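Note: the block below is start.txt and it holds compact mmCIF, C-alpha atoms and all ligand atoms.
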```txt
# COMPACT_ATOMS: atom_id res chain seq x y z
CA MET O 1 15.34 32.38 9.32
CA ILE O 2 13.67 30.17 6.75
CA ALA O 3 14.39 29.87 3.02
CA LEU O 4 12.32 27.99 0.46
CA ILE O 5 14.25 26.86 -2.58
CA THR O 6 12.49 25.38 -5.60
CA GLY O 7 14.43 23.00 -7.83
CA ALA O 8 16.93 22.03 -5.13
CA THR O 9 17.71 18.56 -6.51
CA SER O 10 20.36 19.88 -8.88
CA GLY O 11 22.40 22.84 -10.10
CA PHE O 12 21.73 26.34 -8.77
CA GLY O 13 18.94 25.24 -6.42
CA ARG O 14 21.06 22.61 -4.72
CA ALA O 15 24.04 24.95 -4.38
CA GLY O 16 21.77 27.78 -3.23
CA ALA O 17 20.14 25.59 -0.57
CA ILE O 18 23.51 24.50 0.78
CA ARG O 19 24.76 28.09 0.83
CA LEU O 20 21.66 29.35 2.62
CA ALA O 21 21.97 26.56 5.19
CA LYS O 22 25.61 27.52 5.64
CA LEU O 23 24.41 31.05 6.37
CA GLY O 24 22.17 29.63 9.10
CA TYR O 25 18.84 29.32 7.30
CA ASP O 26 16.47 26.46 7.93
CA VAL O 27 15.58 25.34 4.43
CA ILE O 28 12.56 23.97 2.60
CA ILE O 29 13.87 22.15 -0.44
CA THR O 30 11.67 21.11 -3.36
CA GLY O 31 11.84 19.11 -6.57
CA ARG O 32 10.45 15.95 -8.13
CA ARG O 33 13.35 13.59 -7.34
CA ASN O 34 12.71 12.55 -3.78
CA GLU O 35 15.89 10.50 -3.36
CA ARG O 36 17.98 13.56 -4.12
CA LEU O 37 15.94 15.68 -1.74
CA LEU O 38 16.52 13.17 1.04
CA GLN O 39 20.25 13.03 0.26
CA LEU O 40 20.48 16.80 0.39
CA GLU O 41 18.51 16.90 3.62
CA GLU O 42 21.03 14.52 5.17
CA GLU O 43 24.00 16.49 3.82
CA ILE O 44 22.69 19.80 5.14
CA LYS O 45 21.76 18.43 8.54
CA THR O 46 25.15 16.77 8.94
CA ASN O 47 27.28 19.67 7.72
CA TYR O 48 25.34 22.77 8.78
CA HIS O 49 23.04 21.56 11.56
CA THR O 50 20.06 23.57 10.36
CA GLN O 51 16.57 22.18 9.96
CA VAL O 52 15.31 20.87 6.64
CA ARG O 53 11.88 20.09 5.18
CA THR O 54 11.60 18.30 1.86
CA LEU O 55 8.64 18.79 -0.45
CA CYS O 56 8.51 16.44 -3.41
CA PHE O 57 6.10 17.65 -6.08
CA ASP O 58 5.74 18.82 -9.67
CA ILE O 59 5.71 22.61 -9.73
CA ARG O 60 3.64 22.60 -12.94
CA SER O 61 0.63 21.40 -10.98
CA ARG O 62 -1.22 24.11 -9.12
CA LYS O 63 -2.85 21.49 -6.89
CA GLU O 64 0.50 19.89 -6.02
CA CYS O 65 1.96 23.30 -5.16
CA GLU O 66 -0.99 24.06 -2.87
CA ASN O 67 -0.88 20.64 -1.22
CA ALA O 68 2.88 20.83 -0.66
CA TRP O 69 2.60 24.28 0.89
CA ASN O 70 -0.36 23.25 3.05
CA SER O 71 1.60 20.27 4.36
CA LEU O 72 3.93 22.70 6.15
CA SER O 73 3.31 23.71 9.74
CA ASN O 74 2.54 27.36 10.42
CA GLU O 75 6.04 27.75 11.80
CA TRP O 76 7.61 26.56 8.56
CA LYS O 77 5.39 28.84 6.50
CA GLN O 78 7.15 31.94 7.89
CA VAL O 79 9.47 32.04 4.89
CA ASP O 80 12.05 34.85 4.85
CA VAL O 81 13.61 34.05 1.48
CA LEU O 82 11.87 32.49 -1.49
CA PHE O 83 14.32 31.34 -4.16
CA ASN O 84 12.19 30.71 -7.25
CA ASN O 85 14.72 28.65 -9.15
CA ALA O 86 13.06 25.54 -10.64
CA GLY O 87 13.06 25.69 -14.40
CA LEU O 88 14.31 24.27 -17.63
CA ALA O 89 14.86 24.62 -21.34
CA ALA O 90 13.12 21.72 -23.03
CA CYS O 91 14.30 22.13 -26.60
CA SER O 92 16.41 24.11 -29.04
CA GLU O 93 14.65 24.08 -32.42
CA PRO O 94 13.47 26.86 -34.69
CA ILE O 95 9.98 28.06 -33.97
CA GLY O 96 7.45 26.05 -35.96
CA GLU O 97 9.59 22.91 -35.77
CA ALA O 98 9.68 22.29 -32.02
CA ASP O 99 7.32 19.97 -30.19
CA LEU O 100 4.48 21.93 -28.60
CA ASP O 101 4.73 19.67 -25.52
CA ASP O 102 8.20 21.14 -24.96
CA PHE O 103 6.77 24.66 -25.16
CA ASP O 104 4.15 23.66 -22.58
CA ARG O 105 6.80 22.22 -20.25
CA MET O 106 8.80 25.45 -20.30
CA ILE O 107 5.87 27.80 -19.85
CA ASP O 108 4.25 25.59 -17.21
CA THR O 109 7.46 25.23 -15.21
CA ASN O 110 9.30 28.52 -15.67
CA VAL O 111 6.33 30.85 -15.59
CA LYS O 112 3.27 29.18 -14.10
CA GLY O 113 5.19 27.14 -11.51
CA LEU O 114 6.98 30.26 -10.32
CA LEU O 115 3.65 32.04 -9.97
CA TYR O 116 1.98 29.10 -8.17
CA MET O 117 4.72 28.99 -5.52
CA SER O 118 4.88 32.75 -5.12
CA GLN O 119 1.13 32.86 -4.62
CA GLN O 120 1.48 30.57 -1.60
CA VAL O 121 4.37 32.41 0.02
CA ILE O 122 3.53 36.08 -0.64
CA PRO O 123 0.49 36.35 1.67
CA VAL O 124 2.63 35.22 4.62
CA MET O 125 5.38 37.69 3.73
CA LYS O 126 2.80 40.46 3.38
CA LYS O 127 1.39 39.72 6.80
CA ARG O 128 4.88 39.96 8.30
CA ASN O 129 5.85 43.04 6.23
CA THR O 130 9.17 41.47 5.36
CA GLY O 131 10.77 38.97 3.03
CA MET O 132 12.93 38.55 -0.02
CA ILE O 133 12.07 36.89 -3.31
CA ILE O 134 14.84 35.92 -5.71
CA ASN O 135 13.65 34.83 -9.14
CA LEU O 136 16.07 32.84 -11.26
CA SER O 137 15.70 34.46 -14.66
CA SER O 138 18.46 34.31 -17.29
CA ILE O 139 20.40 36.36 -19.77
CA ALA O 140 17.71 34.79 -21.99
CA GLY O 141 15.26 36.96 -20.06
CA VAL O 142 17.03 40.04 -21.38
CA GLU O 143 17.72 39.13 -24.99
CA VAL O 144 16.84 36.29 -27.34
CA TYR O 145 19.02 33.98 -29.42
CA PRO O 146 18.41 31.71 -32.41
CA ASN O 147 16.33 28.66 -31.47
CA GLY O 148 15.86 30.02 -27.95
CA ASN O 149 12.36 31.28 -28.81
CA VAL O 150 9.98 29.99 -26.11
CA TYR O 151 12.67 29.45 -23.47
CA CYS O 152 13.65 33.11 -23.93
CA ALA O 153 9.98 34.11 -23.84
CA SER O 154 9.51 32.25 -20.55
CA LYS O 155 12.53 34.00 -19.03
CA HIS O 156 11.41 37.38 -20.38
CA ALA O 157 8.19 36.64 -18.49
CA VAL O 158 10.22 35.96 -15.33
CA THR O 159 11.96 39.31 -15.79
CA ALA O 160 8.60 41.06 -16.20
CA ILE O 161 7.10 39.23 -13.23
CA THR O 162 10.11 40.24 -11.12
CA LYS O 163 9.60 43.92 -11.97
CA ALA O 164 5.88 43.64 -11.31
CA MET O 165 6.40 41.86 -7.99
CA ARG O 166 8.88 44.53 -6.92
CA MET O 167 6.23 47.23 -7.46
CA ASP O 168 3.30 45.34 -6.00
CA LEU O 169 5.18 44.17 -2.92
CA LEU O 170 6.99 47.45 -2.23
CA PRO O 171 4.39 48.63 0.31
CA TYR O 172 5.01 45.48 2.34
CA GLY O 173 8.78 45.80 2.67
CA ILE O 174 9.30 42.71 0.52
CA ARG O 175 12.46 42.95 -1.55
CA VAL O 176 12.37 41.34 -4.98
CA GLY O 177 15.34 40.67 -7.21
CA SER O 178 16.48 38.37 -9.96
CA ILE O 179 19.58 36.56 -11.05
CA SER O 180 20.24 36.40 -14.79
CA PRO O 181 23.06 33.99 -15.59
CA GLY O 182 24.57 33.20 -18.95
CA ALA O 183 25.98 29.78 -19.78
CA ALA O 184 26.38 27.66 -16.64
CA GLU O 185 27.20 23.98 -16.57
CA THR O 186 24.62 22.11 -14.52
CA GLU O 187 22.12 19.49 -15.68
CA PHE O 188 20.46 22.28 -17.69
CA SER O 189 21.83 21.33 -21.14
CA ILE O 190 21.47 17.59 -20.49
CA VAL O 191 17.77 18.25 -19.85
CA ARG O 192 17.51 20.56 -22.86
CA PHE O 193 19.03 17.90 -25.16
CA LYS O 194 17.01 15.11 -23.57
CA GLY O 195 19.91 13.19 -22.09
CA ASP O 196 22.40 13.65 -24.95
CA GLU O 197 25.49 14.36 -22.83
CA GLU O 198 27.78 14.95 -25.82
CA LYS O 199 25.53 17.65 -27.19
CA ALA O 200 25.27 19.14 -23.73
CA LYS O 201 29.07 19.22 -23.29
CA ALA O 202 29.48 20.95 -26.66
CA VAL O 203 27.56 23.98 -25.35
CA TYR O 204 30.52 24.80 -23.09
CA LYS O 205 33.31 23.90 -25.49
CA GLY O 206 36.18 26.38 -25.53
CA LEU O 207 35.08 28.34 -22.48
CA THR O 208 34.95 28.00 -18.73
CA PRO O 209 31.23 28.16 -18.01
CA LEU O 210 29.69 29.52 -14.86
CA ASN O 211 29.00 26.88 -12.22
CA ALA O 212 26.39 26.49 -9.50
CA GLU O 213 28.71 27.96 -6.87
CA ASP O 214 28.95 31.20 -8.88
CA ILE O 215 25.18 31.55 -8.59
CA ALA O 216 25.24 30.60 -4.88
CA ASP O 217 27.74 33.46 -4.42
CA VAL O 218 25.16 35.86 -5.86
CA VAL O 219 22.41 34.44 -3.67
CA GLU O 220 24.63 34.95 -0.65
CA PHE O 221 25.40 38.52 -1.72
CA MET O 222 21.70 39.33 -2.16
CA VAL O 223 20.50 37.92 1.15
CA THR O 224 23.33 39.46 3.15
CA ARG O 225 22.75 43.07 2.00
CA PRO O 226 21.56 45.39 4.74
CA ALA O 227 17.79 45.93 5.02
CA HIS O 228 17.87 49.24 3.12
CA VAL O 229 19.38 47.65 -0.02
CA MET O 230 17.41 45.80 -2.69
CA ILE O 231 19.45 44.15 -5.44
CA ASN O 232 17.23 44.41 -8.51
CA ASP O 233 19.12 42.05 -10.80
CA VAL O 234 22.51 40.48 -11.20
CA LEU O 235 23.43 39.51 -14.76
CA LEU O 236 26.55 37.37 -14.91
CA THR O 237 28.20 35.47 -17.73
CA PRO O 238 31.34 33.47 -18.30
CA ALA O 239 34.24 35.79 -19.13
CA ARG O 240 34.13 34.52 -22.72
CA GLN O 241 30.42 35.25 -23.27
CA ALA O 242 29.37 38.76 -24.36
CA ASN O 243 25.62 38.23 -24.82
CA THR O 244 23.22 35.36 -25.49
CA TYR O 245 24.98 34.30 -28.69
CA VAL O 246 28.43 35.96 -28.91
CA TYR O 247 31.16 33.76 -27.44
CA ASN O 248 34.94 33.89 -27.73
CA ARG O 249 35.77 30.19 -27.64
CA THR O 250 39.30 28.85 -27.57
CA VAL O 251 39.86 26.41 -30.40
P1 LIG L 1 19.24 21.90 -13.42
O1 LIG L 1 18.62 21.09 -14.50
O2 LIG L 1 20.54 21.43 -12.87
O3 LIG L 1 18.19 22.08 -12.21
C1 LIG L 1 16.85 22.36 -12.47
C2 LIG L 1 16.04 22.16 -11.20
O4 LIG L 1 14.66 22.50 -11.49
C3 LIG L 1 16.05 20.73 -10.70
O5 LIG L 1 16.19 20.71 -9.31
C4 LIG L 1 14.68 20.20 -11.09
O6 LIG L 1 14.22 19.26 -10.14
C5 LIG L 1 13.82 21.46 -11.01
N1 LIG L 1 12.62 21.30 -11.82
C6 LIG L 1 12.54 21.25 -13.18
N2 LIG L 1 11.27 20.98 -13.55
C7 LIG L 1 10.54 20.86 -12.41
C8 LIG L 1 9.17 20.56 -12.13
N3 LIG L 1 8.28 20.34 -13.12
N4 LIG L 1 8.78 20.51 -10.86
C9 LIG L 1 9.65 20.73 -9.84
N5 LIG L 1 10.94 21.01 -10.03
C10 LIG L 1 11.39 21.07 -11.31
O7 LIG L 1 19.39 23.36 -14.03
P2 LIG L 1 19.95 24.75 -13.42
O8 LIG L 1 20.33 24.63 -12.02
O9 LIG L 1 20.94 25.25 -14.40
O10 LIG L 1 18.65 25.64 -13.59
C11 LIG L 1 18.05 26.34 -12.53
C12 LIG L 1 17.36 27.56 -13.11
O11 LIG L 1 18.34 28.41 -13.71
C13 LIG L 1 16.33 27.29 -14.19
O12 LIG L 1 15.25 28.16 -13.99
C14 LIG L 1 17.08 27.63 -15.48
O13 LIG L 1 16.20 28.01 -16.50
C15 LIG L 1 17.93 28.80 -15.01
N6 LIG L 1 19.11 29.13 -15.77
C16 LIG L 1 20.06 28.18 -16.06
C17 LIG L 1 21.21 28.55 -16.73
C18 LIG L 1 22.23 27.56 -17.14
O14 LIG L 1 22.98 27.84 -18.10
N7 LIG L 1 22.37 26.45 -16.44
C19 LIG L 1 21.48 29.96 -17.06
C20 LIG L 1 20.41 30.86 -16.74
C21 LIG L 1 19.30 30.45 -16.10
P3 LIG L 1 13.54 17.84 -10.50
O15 LIG L 1 14.03 17.41 -11.84
O16 LIG L 1 13.97 16.94 -9.38
O17 LIG L 1 12.08 18.10 -10.46
C1 LIG L 2 20.23 29.59 -19.79
C2 LIG L 2 21.26 30.41 -20.46
O1 LIG L 2 21.84 31.46 -22.71
O2 LIG L 2 21.66 29.02 -22.58
O3 LIG L 2 19.18 30.39 -19.34
O4 LIG L 2 19.71 30.37 -22.51
S1 LIG L 2 21.09 30.31 -22.15
```
How does the structure come out when it is put into structure tokens?
Amino acid sequence: MIALITGATSGFGRAGAIRLAKLGYDVIITGRRNERLLQLEEEIKTNYHTQVRTLCFDIRSRKECENAWNSLSNEWKQVDVLFNNAGLAACSEPIGEADLDDFDRMIDTNVKGLLYMSQQVIPVMKKRNTGMIINLSSIAGVEVYPNGNVYCASKHAVTAITKAMRMDLLPYGIRVGSISPGAAETEFSIVRFKGDEEKAKAVYKGLTPLNAEDIADVVEFMVTRPAHVMINDVLLTPARQANTYVYNRTV
């Protein structure tokens, strides 16, 4: 069994890759930070003894996605699980005030990157009449929140793409689902606030946020369902989060 995980250098992708390896999958791990990919490769090989391929590239580039995929042997291309996880929020400003480059980064990564990778993997899954695709959406793909504008739009697109994939790939026995987490502490907020760790920490003040292991638990649940079950979506939040903007924080 082979799983391809995008954005495996941090957060959900890293935890998901480790969990899938623990379940016995050989894993293809991707991201832009090669040192981290190599570290993770070593960790997985040592602890779980499964095979690992690293692909270091920028998912926003269609050419880089194609080249990375084409660098794999035919054996490695027989992907059973595609975990479309790479993504980011690049800002948190009211619409009209944010930097358009940040909007581009989110749309290019969260939407176009996901499509570029899927486009490579789907033909192989179709040929084999099997496979599972898990798209990392968000609670922001279900409802919006102030200053979430384009990030929410990009995740609404992921939700729509997931539903569309599920229909289009149904004849081929390919199961498609999504995971829609609320607030989870990874590098997500540090990236969103451009390295401002204090601002990032404040996002989780007064609550116990989700963590990467919580999402790996969901990945494990999805891939271990029997063949007749397709998990459409799992929306999970910290216990103190009711929706995208209602929190019950301790003071
Ligand atoms: P992290 O910042 O910890 O991880 C993001 C991963 O995406 C990294 O491995 C990063 O790798 C990769 N990535 C980002 N941009 C690119 C790019 N251009 N090319 C290739 N890889 C890229 O965040 P999370 O683990 O929290 O986020 C994972 C997913 O979960 C994202 O889609 C995010 O939107 C979503 N999400 C996060 C939530 C949260 O609260 N944390 C909640 C709901 C959804 P590298 O930098 O090495 O390229
Ligand atoms: C990340 C969760 O609510 O901060 O997708 O946008 S949220």
Selection: 12 Å around O:Lys127, all atoms listed in the file, excl. self and same-chain fewer than 5 positions, as number ranges by chain: O: 77-80, 121-122, 169, 171-174
Output of the above residues as a PDB file, keeping the file's coordinate frame, restricted to C-alpha atoms:
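Contents of selection.pdb, as written:
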```
ATOM      1  CA  LYS O  77       5.390  28.840   6.500  1.00  0.00           C
ATOM      2  CA  GLN O  78       7.150  31.940   7.890  1.00  0.00           C
ATOM      3  CA  VAL O  79       9.470  32.040   4.890  1.00  0.00           C
ATOM      4  CA  ASP O  80      12.050  34.850   4.850  1.00  0.00           C
ATOM      5  CA  VAL O 121       4.370  32.410   0.020  1.00  0.00           C
ATOM      6  CA  ILE O 122       3.530  36.080  -0.640  1.00  0.00           C
ATOM      7  CA  LEU O 169       5.180  44.170  -2.920  1.00  0.00           C
ATOM      8  CA  PRO O 171       4.390  48.630   0.310  1.00  0.00           C
ATOM      9  CA  TYR O 172       5.010  45.480   2.340  1.00  0.00           C
ATOM     10  CA  GLY O 173       8.780  45.800   2.670  1.00  0.00           C
ATOM     11  CA  ILE O 174       9.300  42.710   0.520  1.00  0.00           C
TER      12      ILE O 174
END
```
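Going from atom C19 of ligand LIG 1 (chain L) over to atom CA of O:Glu42, you cover 27.1 Å.
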Would you give me, as JSON lines, each residue of chain O having an atom within 7 Å of an atom of ligand LIG 1 (chain L), along with its shortest atom pair and that distance in Å to one decimal, using only C-alpha atoms and all ligand atoms and sorting by chain and residue number?
```
{"residue": "O:Thr6", "atom": "CA", "partner": "L:LIG1", "partner_atom": "N5", "distance": 6.4}
{"residue": "O:Gly7", "atom": "CA", "partner": "L:LIG1", "partner_atom": "O5", "distance": 3.2}
{"residue": "O:Ala8", "atom": "CA", "partner": "L:LIG1", "partner_atom": "O5", "distance": 4.4}
{"residue": "O:Thr9", "atom": "CA", "partner": "L:LIG1", "partner_atom": "O5", "distance": 3.8}
{"residue": "O:Ser10", "atom": "CA", "partner": "L:LIG1", "partner_atom": "O5", "distance": 4.3}
{"residue": "O:Gly11", "atom": "CA", "partner": "L:LIG1", "partner_atom": "O8", "distance": 3.3}
{"residue": "O:Phe12", "atom": "CA", "partner": "L:LIG1", "partner_atom": "O8", "distance": 3.9}
{"residue": "O:Gly13", "atom": "CA", "partner": "L:LIG1", "partner_atom": "O8", "distance": 5.8}
{"residue": "O:Arg14", "atom": "CA", "partner": "L:LIG1", "partner_atom": "O5", "distance": 7.0}
{"residue": "O:Thr30", "atom": "CA", "partner": "L:LIG1", "partner_atom": "N5", "distance": 6.7}
{"residue": "O:Gly31", "atom": "CA", "partner": "L:LIG1", "partner_atom": "O17", "distance": 4.0}
{"residue": "O:Arg32", "atom": "CA", "partner": "L:LIG1", "partner_atom": "O17", "distance": 3.6}
{"residue": "O:Arg33", "atom": "CA", "partner": "L:LIG1", "partner_atom": "O16", "distance": 4.0}
{"residue": "O:Phe57", "atom": "CA", "partner": "L:LIG1", "partner_atom": "C9", "distance": 6.0}
{"residue": "O:Asp58", "atom": "CA", "partner": "L:LIG1", "partner_atom": "N4", "distance": 3.7}
{"residue": "O:Ile59", "atom": "CA", "partner": "L:LIG1", "partner_atom": "N4", "distance": 3.9}
{"residue": "O:Arg60", "atom": "CA", "partner": "L:LIG1", "partner_atom": "N3", "distance": 5.2}
{"residue": "O:Asn85", "atom": "CA", "partner": "L:LIG1", "partner_atom": "C12", "distance": 4.9}
{"residue": "O:Ala86", "atom": "CA", "partner": "L:LIG1", "partner_atom": "O4", "distance": 3.5}
{"residue": "O:Gly87", "atom": "CA", "partner": "L:LIG1", "partner_atom": "O12", "distance": 3.3}
{"residue": "O:Leu88", "atom": "CA", "partner": "L:LIG1", "partner_atom": "O13", "distance": 4.3}
{"residue": "O:Ala89", "atom": "CA", "partner": "L:LIG1", "partner_atom": "O13", "distance": 6.1}
{"residue": "O:Thr109", "atom": "CA", "partner": "L:LIG1", "partner_atom": "N3", "distance": 5.4}
{"residue": "O:Asn110", "atom": "CA", "partner": "L:LIG1", "partner_atom": "O12", "distance": 6.2}
{"residue": "O:Leu136", "atom": "CA", "partner": "L:LIG1", "partner_atom": "O12", "distance": 5.5}
{"residue": "O:Ser137", "atom": "CA", "partner": "L:LIG1", "partner_atom": "C21", "distance": 5.6}
{"residue": "O:Ser138", "atom": "CA", "partner": "L:LIG1", "partner_atom": "C20", "distance": 4.0}
{"residue": "O:Ile139", "atom": "CA", "partner": "L:LIG1", "partner_atom": "C20", "distance": 6.3}
{"residue": "O:Ser180", "atom": "CA", "partner": "L:LIG1", "partner_atom": "C20", "distance": 5.9}
{"residue": "O:Pro181", "atom": "CA", "partner": "L:LIG1", "partner_atom": "C20", "distance": 4.3}
{"residue": "O:Gly182", "atom": "CA", "partner": "L:LIG1", "partner_atom": "C19", "distance": 4.9}
{"residue": "O:Ala183", "atom": "CA", "partner": "L:LIG1", "partner_atom": "O14", "distance": 3.9}
{"residue": "O:Ala184", "atom": "CA", "partner": "L:LIG1", "partner_atom": "O14", "distance": 3.7}
{"residue": "O:Glu185", "atom": "CA", "partner": "L:LIG1", "partner_atom": "N7", "distance": 5.4}
{"residue": "O:Thr186", "atom": "CA", "partner": "L:LIG1", "partner_atom": "O2", "distance": 4.5}
{"residue": "O:Glu187", "atom": "CA", "partner": "L:LIG1", "partner_atom": "O2", "distance": 3.8}
{"residue": "O:Phe188", "atom": "CA", "partner": "L:LIG1", "partner_atom": "O1", "distance": 3.9}
{"residue": "O:Ser189", "atom": "CA", "partner": "L:LIG1", "partner_atom": "N7", "distance": 7.0}
{"residue": "O:Val191", "atom": "CA", "partner": "L:LIG1", "partner_atom": "O1", "distance": 6.1}
{"residue": "O:Ala212", "atom": "CA", "partner": "L:LIG1", "partner_atom": "O8", "distance": 6.8}
```
Spatial neighbours of stretch 97-108 of chain O, 10 Å, all atoms listed in the file, chain gap at least 5 places, as a PyMOL selection string: chain O and resi 59-62+87-92+113-116+147+149-155+157+192
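Candidate residues O:Glu143, O:Asp217, O:Asp233, O:Glu93 were compared for distance to ligand LIG 2 (chain L), and the nearest is O:Glu143, using all atoms listed in the file.
Distances to O:Phe221 were evaluated for O:Leu207, O:Val111, O:Leu23, O:Ile18 using all atoms listed in the file, and the minimum falls at O:Leu23.
Distances from O:Asn232, O:Arg225, O:Lys199, O:Val27 to O:Met165 were compared using only C-alpha atoms, and the smallest one belongs to O:Asn232.
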With 5 Å of padding per side, what axis-aligned box (centre and edge lengths, Å, one decimal) covers all the listed atoms of ligand LIG 2 (chain L)? Give it as AutoDock Vina command-line options.
```
--center_x 20.5 --center_y 30.2 --center_z -21.0 --size_x 12.7 --size_y 12.4 --size_z 13.4
```
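Distances here use all atoms listed in the file; by that measure, the residue among O:Thr46, O:Thr54, O:Ser71, O:Gln119 closest to O:Asn34 is O:Thr54.
If all atoms listed in the file are the atoms counted, then among O:Val229, O:Val219, O:Val142, O:Ile2 the closest residue to ligand LIG 2 (chain L) is O:Val142.
Closest approach to ligand LIG 2 (chain L) among O:Ile179, O:Leu55, O:Val234, O:Ala140 is made by O:Ala140 (distances from only C-alpha atoms and all ligand atoms).
The two atoms in question, atom CA of O:Gly24 and atom CA of O:Met1, are spaced 7.4 Å apart.
Residues lying within 12 Å of O:Pro209, counting all atoms listed in the file and ignoring same-chain neighbours fewer than 2 positions away, are Pro181, Gly182, Ala183, Ala184, Glu185, Thr186, Lys201, Ala202, Val203, Tyr204, Lys205, Gly206, Leu207, Asn211, Ala212, Glu213, Asp214, Ile215, Leu236, Thr237, Pro238, Ala239, Arg240, Gln241, Tyr247, Asn248 and Arg249 of chain O.
We find atom CA of O:Glu41 and atom CA of O:Ala17 to be spaced 9.8 Å apart.
The list of residues within 6 Å of (15.9, 25.3, 8.4), counted using only C-alpha atoms, is Ile2, Tyr25, Asp26, Val27, Thr50, Gln51 and Val52 of chain O.
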Take stretch 20-65 of chain O from the preceding structure and save C-alpha atoms as a PDB file, in the first residue's frame.
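Final output, saved to out33.pdb:
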```
ATOM      1  CA  LEU O  20       0.079   5.976   7.633  1.00  0.00           C
ATOM      2  CA  ALA O  21       3.578   4.497   7.867  1.00  0.00           C
ATOM      3  CA  LYS O  22       2.637   3.047  11.241  1.00  0.00           C
ATOM      4  CA  LEU O  23      -0.329   1.408   9.518  1.00  0.00           C
ATOM      5  CA  GLY O  24       2.094  -0.186   7.055  1.00  0.00           C
ATOM      6  CA  TYR O  25       1.935   2.219   4.123  1.00  0.00           C
ATOM      7  CA  ASP O  26       4.970   3.073   2.049  1.00  0.00           C
ATOM      8  CA  VAL O  27       4.820   6.849   1.880  1.00  0.00           C
ATOM      9  CA  ILE O  28       5.618   9.578  -0.618  1.00  0.00           C
ATOM     10  CA  ILE O  29       6.164  12.743   1.374  1.00  0.00           C
ATOM     11  CA  THR O  30       6.216  16.201  -0.183  1.00  0.00           C
ATOM     12  CA  GLY O  31       6.931  19.811   0.741  1.00  0.00           C
ATOM     13  CA  ARG O  32       9.404  22.585   0.015  1.00  0.00           C
ATOM     14  CA  ARG O  33      11.723  22.098   3.019  1.00  0.00           C
ATOM     15  CA  ASN O  34      13.999  19.294   1.952  1.00  0.00           C
ATOM     16  CA  GLU O  35      15.872  18.990   5.243  1.00  0.00           C
ATOM     17  CA  ARG O  36      12.625  18.243   7.037  1.00  0.00           C
ATOM     18  CA  LEU O  37      11.610  15.727   4.400  1.00  0.00           C
ATOM     19  CA  LEU O  38      14.909  13.905   4.825  1.00  0.00           C
ATOM     20  CA  GLN O  39      14.549  13.958   8.626  1.00  0.00           C
ATOM     21  CA  LEU O  40      11.067  12.515   8.372  1.00  0.00           C
ATOM     22  CA  GLU O  41      12.235   9.880   5.908  1.00  0.00           C
ATOM     23  CA  GLU O  42      14.865   8.774   8.415  1.00  0.00           C
ATOM     24  CA  GLU O  43      12.372   8.778  11.305  1.00  0.00           C
ATOM     25  CA  ILE O  44       9.826   6.689   9.403  1.00  0.00           C
ATOM     26  CA  LYS O  45      12.367   4.204   8.112  1.00  0.00           C
ATOM     27  CA  THR O  46      13.860   3.741  11.574  1.00  0.00           C
ATOM     28  CA  ASN O  47      10.597   3.471  13.499  1.00  0.00           C
ATOM     29  CA  TYR O  48       8.200   1.819  11.049  1.00  0.00           C
ATOM     30  CA  HIS O  49      10.453   0.116   8.503  1.00  0.00           C
ATOM     31  CA  THR O  50       8.317   1.115   5.533  1.00  0.00           C
ATOM     32  CA  GLN O  51       9.679   2.629   2.343  1.00  0.00           C
ATOM     33  CA  VAL O  52       9.791   6.374   1.809  1.00  0.00           C
ATOM     34  CA  ARG O  53      10.197   8.643  -1.223  1.00  0.00           C
ATOM     35  CA  THR O  54      10.698  12.368  -0.746  1.00  0.00           C
ATOM     36  CA  LEU O  55       9.589  14.900  -3.333  1.00  0.00           C
ATOM     37  CA  CYS O  56      10.739  18.449  -2.703  1.00  0.00           C
ATOM     38  CA  PHE O  57       8.801  20.964  -4.774  1.00  0.00           C
ATOM     39  CA  ASP O  58       6.453  23.932  -4.694  1.00  0.00           C
ATOM     40  CA  ILE O  59       2.903  22.713  -5.181  1.00  0.00           C
ATOM     41  CA  ARG O  60       1.888  26.076  -6.691  1.00  0.00           C
ATOM     42  CA  SER O  61       3.880  25.258  -9.804  1.00  0.00           C
ATOM     43  CA  ARG O  62       2.119  22.982 -12.252  1.00  0.00           C
ATOM     44  CA  LYS O  63       5.449  22.130 -13.881  1.00  0.00           C
ATOM     45  CA  GLU O  64       7.063  21.225 -10.550  1.00  0.00           C
ATOM     46  CA  CYS O  65       4.097  18.991  -9.671  1.00  0.00           C
TER      47      CYS O  65
END
```
